[in-house]
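Undergrad: Sharing protein27.pdb (PDB, C-alpha atoms) below.
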```pdb
MODEL        1
ATOM      1  CA  MET A   1     -10.477   0.007 -23.028
ATOM      2  CA  TRP A   2      -6.751   0.692 -23.048
ATOM      3  CA  GLY A   3      -7.461   4.009 -21.353
ATOM      4  CA  VAL A   4      -9.350   2.297 -18.538
ATOM      5  CA  ALA A   5      -6.470  -0.163 -18.110
ATOM      6  CA  ARG A   6      -4.023   2.732 -17.849
ATOM      7  CA  VAL A   7      -6.163   4.452 -15.215
ATOM      8  CA  VAL A   8      -6.390   1.219 -13.212
ATOM      9  CA  SER A   9      -2.614   0.789 -13.462
ATOM     10  CA  LEU A  10      -2.042   4.369 -12.338
ATOM     11  CA  ILE A  11      -4.362   4.046  -9.347
ATOM     12  CA  THR A  12      -2.755   0.736  -8.393
ATOM     13  CA  SER A  13       0.717   2.265  -8.619
ATOM     14  CA  VAL A  14      -0.282   5.200  -6.407
ATOM     15  CA  ILE A  15      -1.812   2.915  -3.764
ATOM     16  CA  VAL A  16       1.160   0.535  -3.721
ATOM     17  CA  GLY A  17       3.565   3.479  -3.682
ATOM     18  CA  LEU A  18       1.811   5.102  -0.715
ATOM     19  CA  ILE A  19       1.934   1.868   1.260
ATOM     20  CA  ILE A  20       5.625   1.327   0.510
ATOM     21  CA  VAL A  21       6.516   4.912   1.446
ATOM     22  CA  ALA A  22       4.552   4.506   4.689
ATOM     23  CA  ILE A  23       6.438   1.290   5.505
ATOM     24  CA  VAL A  24       9.777   3.012   4.955
ATOM     25  CA  LEU A  25       8.737   5.965   7.125
ATOM     26  CA  VAL A  26       7.680   3.644   9.957
ATOM     27  CA  LEU A  27      10.930   1.690   9.678
ATOM     28  CA  LEU A  28      12.965   4.893   9.790
ATOM     29  CA  GLU A  29      10.893   6.173  12.729
ATOM     30  CA  ALA A  30      10.046   9.394  10.909
ATOM     31  CA  ASN A  31       8.699  12.257  13.013
ATOM     32  CA  ARG A  32       4.894  11.938  13.002
ATOM     33  CA  ARG A  33       4.541  15.545  14.238
ATOM     34  CA  ASN A  34       5.365  16.595  10.674
ATOM     35  CA  GLY A  35       2.056  16.946   8.822
ATOM     36  CA  ILE A  36       3.274  15.387   5.579
ATOM     37  CA  ILE A  37       4.817  12.392   7.335
ATOM     38  CA  ASP A  38       1.692  11.931   9.444
ATOM     39  CA  TRP A  39      -0.518  12.029   6.344
ATOM     40  CA  LEU A  40       1.639   9.526   4.441
ATOM     41  CA  VAL A  41       1.795   7.051   7.337
ATOM     42  CA  GLY A  42      -1.934   7.537   7.958
ATOM     43  CA  ALA A  43      -2.697   6.839   4.300
ATOM     44  CA  GLY A  44      -0.603   3.672   4.402
ATOM     45  CA  ASN A  45      -2.333   2.633   7.607
ATOM     46  CA  THR A  46      -5.797   3.223   6.133
ATOM     47  CA  LEU A  47      -5.047   1.435   2.856
ATOM     48  CA  SER A  48      -3.624  -1.599   4.641
ATOM     49  CA  LYS A  49      -6.356  -1.874   7.315
ATOM     50  CA  PRO A  50      -7.852  -5.128   5.960
ATOM     51  CA  PHE A  51      -4.434  -6.738   6.426
ATOM     52  CA  HIS A  52      -3.776  -5.599   9.995
ATOM     53  CA  GLY A  53      -3.299  -8.483  12.368
ATOM     54  CA  ILE A  54      -2.831 -11.191   9.748
ATOM     55  CA  PHE A  55       0.606 -11.882  11.175
ATOM     56  CA  SER A  56       1.345 -11.109  14.823
ATOM     57  CA  LEU A  57       5.043 -10.460  15.200
ATOM     58  CA  ASP A  58       7.104  -9.246  18.150
ATOM     59  CA  GLY A  59       7.786  -5.640  17.148
ATOM     60  CA  ARG A  60       5.678  -2.947  15.541
ATOM     61  CA  LYS A  61       8.205  -2.453  12.761
ATOM     62  CA  ALA A  62       8.172  -6.137  11.834
ATOM     63  CA  GLU A  63       4.391  -6.301  11.975
ATOM     64  CA  VAL A  64       3.988  -3.170   9.840
ATOM     65  CA  THR A  65       6.539  -4.402   7.317
ATOM     66  CA  VAL A  66       4.946  -7.817   6.883
ATOM     67  CA  ASN A  67       1.252  -6.912   7.035
ATOM     68  CA  TRP A  68       1.465  -3.662   5.088
ATOM     69  CA  GLY A  69       3.861  -5.305   2.623
ATOM     70  CA  LEU A  70       1.303  -8.066   2.097
ATOM     71  CA  ALA A  71      -1.311  -5.389   1.443
ATOM     72  CA  ALA A  72       0.927  -3.785  -1.187
ATOM     73  CA  LEU A  73       1.487  -7.153  -2.881
ATOM     74  CA  VAL A  74      -2.221  -7.993  -2.951
ATOM     75  CA  TYR A  75      -3.189  -4.549  -4.250
ATOM     76  CA  GLY A  76      -0.489  -4.755  -6.913
ATOM     77  CA  PHE A  77      -1.530  -8.230  -8.001
ATOM     78  CA  ALA A  78      -5.260  -7.409  -8.049
ATOM     79  CA  GLY A  79      -4.694  -4.135  -9.907
ATOM     80  CA  GLY A  80      -2.531  -5.925 -12.457
ATOM     81  CA  LEU A  81      -5.222  -8.530 -13.057
ATOM     82  CA  ILE A  82      -7.916  -5.892 -13.460
ATOM     83  CA  ALA A  83      -5.752  -3.867 -15.862
ATOM     84  CA  ARG A  84      -4.967  -7.001 -17.879
ATOM     85  CA  PHE A  85      -8.689  -7.758 -18.101
ATOM     86  CA  PHE A  86      -9.371  -4.331 -19.600
ATOM     87  CA  ARG A  87      -6.503  -4.651 -22.082
ATOM     88  CA  GLN A  88      -7.977  -7.775 -23.633
TER
ENDMDL
END
```
Can the structure in the file be given as structure tokens, please?

TA:
Amino acid sequence: MWGVARVVSLITSVIVGLIIVAIVLVLLEANRRNGIIDWLVGAGNTLSKPFHGIFSLDGRKAEVTVNWGLAALVYGFAGGLIARFFRQ
């Protein structure tokens, strides 16, 4: 079961990492015409979709930071709980 816990932790880390990278790219106003940047921001957008619109803030950057950041926190917490379950 330790192996399953490690896989869950790895997947959780990749998801949270993608969302955080996407937040940083949006905040820095990275050029979306670049294919890699567009893919990373698109992945962050897709992974955080259930959290879109939870908080309505004035600017896009603030809204992305808060809502996508909340998504990263929830994914990290849930993944940690699932991994802990498999370790026991």

Undergrad: Which is closest to Val74 in chain A among A:Trp39, A:Ile15, A:Met1, A:Arg6, if we use only C-alpha atoms?

TA: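 Answer, going by the shortest atom-to-atom distance: A:Ile15.
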
Undergrad: Would you kindly translate the PyMOL selection byres ((chain A and resi 68) around 12) into the concrete residues it picks from this file, as a ChimeraX atom specification?

TA: /A:15-24,26-27,41,43-55,60-67,69-75

Undergrad: Write the residues of the selection above to a file with C-alpha atoms, as a short mmCIF file (atom, residue, chain, number, x, y, z; two decimals), in the coordinates of the input.

TA:
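Final output, out15.cif:
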```cif
data_model
loop_
_atom_site.label_atom_id
_atom_site.label_comp_id
_atom_site.auth_asym_id
_atom_site.auth_seq_id
_atom_site.Cartn_x
_atom_site.Cartn_y
_atom_site.Cartn_z
CA ILE A 15 -1.81 2.92 -3.76
CA VAL A 16 1.16 0.54 -3.72
CA GLY A 17 3.56 3.48 -3.68
CA LEU A 18 1.81 5.10 -0.72
CA ILE A 19 1.93 1.87 1.26
CA ILE A 20 5.62 1.33 0.51
CA VAL A 21 6.52 4.91 1.45
CA ALA A 22 4.55 4.51 4.69
CA ILE A 23 6.44 1.29 5.50
CA VAL A 24 9.78 3.01 4.96
CA VAL A 26 7.68 3.64 9.96
CA LEU A 27 10.93 1.69 9.68
CA VAL A 41 1.80 7.05 7.34
CA ALA A 43 -2.70 6.84 4.30
CA GLY A 44 -0.60 3.67 4.40
CA ASN A 45 -2.33 2.63 7.61
CA THR A 46 -5.80 3.22 6.13
CA LEU A 47 -5.05 1.44 2.86
CA SER A 48 -3.62 -1.60 4.64
CA LYS A 49 -6.36 -1.87 7.32
CA PRO A 50 -7.85 -5.13 5.96
CA PHE A 51 -4.43 -6.74 6.43
CA HIS A 52 -3.78 -5.60 9.99
CA GLY A 53 -3.30 -8.48 12.37
CA ILE A 54 -2.83 -11.19 9.75
CA PHE A 55 0.61 -11.88 11.18
CA ARG A 60 5.68 -2.95 15.54
CA LYS A 61 8.20 -2.45 12.76
CA ALA A 62 8.17 -6.14 11.83
CA GLU A 63 4.39 -6.30 11.98
CA VAL A 64 3.99 -3.17 9.84
CA THR A 65 6.54 -4.40 7.32
CA VAL A 66 4.95 -7.82 6.88
CA ASN A 67 1.25 -6.91 7.04
CA GLY A 69 3.86 -5.30 2.62
CA LEU A 70 1.30 -8.07 2.10
CA ALA A 71 -1.31 -5.39 1.44
CA ALA A 72 0.93 -3.78 -1.19
CA LEU A 73 1.49 -7.15 -2.88
CA VAL A 74 -2.22 -7.99 -2.95
CA TYR A 75 -3.19 -4.55 -4.25
#
```

Undergrad: Please compute the CA of Thr12 in chain A-CA of Gly79 in chain A distance, one decimal, in Å.

TA: 5.5 Å

Undergrad: Between CA of Ile37 in chain A and CA of Val7 in chain A, what is the spacing in Å?

TA: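 So the two atoms, CA of Val7 in chain A and CA of Ile37 in chain A, lie 26.3 Å apart.
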
Undergrad: Starting from the point (-3.8, 3.6, -13.4), work out which residues of protein, DNA or RNA have an atom no more than 12 Å away when counting all atoms listed in the file; state them as a VMD selection string.

TA: chain A and resid 2 to 16 76 79 to 80 82 to 84 86

Undergrad: Quote the spacing between CA of Gly42 in chain A and CA of Glu29 in chain A in Å to one decimal place.

TA: 13.8 Å

Undergrad: Is it possible to add N, CA, C and O atoms to range 21-32 of chain A and hand it back as an mmCIF file, in the coordinates of the input?

TA:
```
data_model
loop_
_atom_site.group_PDB
_atom_site.id
_atom_site.type_symbol
_atom_site.label_atom_id
_atom_site.label_comp_id
_atom_site.auth_asym_id
_atom_site.auth_seq_id
_atom_site.Cartn_x
_atom_site.Cartn_y
_atom_site.Cartn_z
ATOM 1 N N VAL A 21 5.936 3.726 0.806
ATOM 2 C CA VAL A 21 6.516 4.912 1.446
ATOM 3 C C VAL A 21 6.183 4.915 2.934
ATOM 4 O O VAL A 21 7.036 5.213 3.776
ATOM 5 N N ALA A 22 4.948 4.553 3.286
ATOM 6 C CA ALA A 22 4.552 4.506 4.689
ATOM 7 C C ALA A 22 5.367 3.468 5.458
ATOM 8 O O ALA A 22 5.783 3.716 6.595
ATOM 9 N N ILE A 23 5.617 2.320 4.861
ATOM 10 C CA ILE A 23 6.438 1.290 5.505
ATOM 11 C C ILE A 23 7.833 1.838 5.783
ATOM 12 O O ILE A 23 8.360 1.688 6.889
ATOM 13 N N VAL A 24 8.428 2.465 4.791
ATOM 14 C CA VAL A 24 9.777 3.012 4.955
ATOM 15 C C VAL A 24 9.794 4.072 6.058
ATOM 16 O O VAL A 24 10.714 4.107 6.887
ATOM 17 N N LEU A 25 8.792 4.929 6.101
ATOM 18 C CA LEU A 25 8.737 5.965 7.125
ATOM 19 C C LEU A 25 8.597 5.370 8.524
ATOM 20 O O LEU A 25 9.203 5.860 9.475
ATOM 21 N N VAL A 26 7.808 4.310 8.656
ATOM 22 C CA VAL A 26 7.680 3.644 9.957
ATOM 23 C C VAL A 26 9.001 2.999 10.341
ATOM 24 O O VAL A 26 9.445 3.099 11.490
ATOM 25 N N LEU A 27 9.652 2.339 9.390
ATOM 26 C CA LEU A 27 10.930 1.690 9.678
ATOM 27 C C LEU A 27 12.008 2.695 10.084
ATOM 28 O O LEU A 27 12.840 2.407 10.942
ATOM 29 N N LEU A 28 11.975 3.862 9.482
ATOM 30 C CA LEU A 28 12.965 4.893 9.790
ATOM 31 C C LEU A 28 12.567 5.740 11.003
ATOM 32 O O LEU A 28 13.299 6.652 11.376
ATOM 33 N N GLU A 29 11.419 5.433 11.578
ATOM 34 C CA GLU A 29 10.893 6.173 12.729
ATOM 35 C C GLU A 29 10.801 7.673 12.438
ATOM 36 O O GLU A 29 11.256 8.513 13.219
ATOM 37 N N ALA A 30 10.200 7.994 11.306
ATOM 38 C CA ALA A 30 10.046 9.394 10.909
ATOM 39 C C ALA A 30 9.166 10.131 11.923
ATOM 40 O O ALA A 30 8.295 9.542 12.561
ATOM 41 N N ASN A 31 9.396 11.417 12.046
ATOM 42 C CA ASN A 31 8.699 12.257 13.013
ATOM 43 C C ASN A 31 7.245 12.450 12.595
ATOM 44 O O ASN A 31 6.952 13.164 11.636
ATOM 45 N N ARG A 32 6.319 11.853 13.337
ATOM 46 C CA ARG A 32 4.894 11.938 13.002
ATOM 47 C C ARG A 32 4.304 13.311 13.305
ATOM 48 O O ARG A 32 3.168 13.590 12.928
#
```
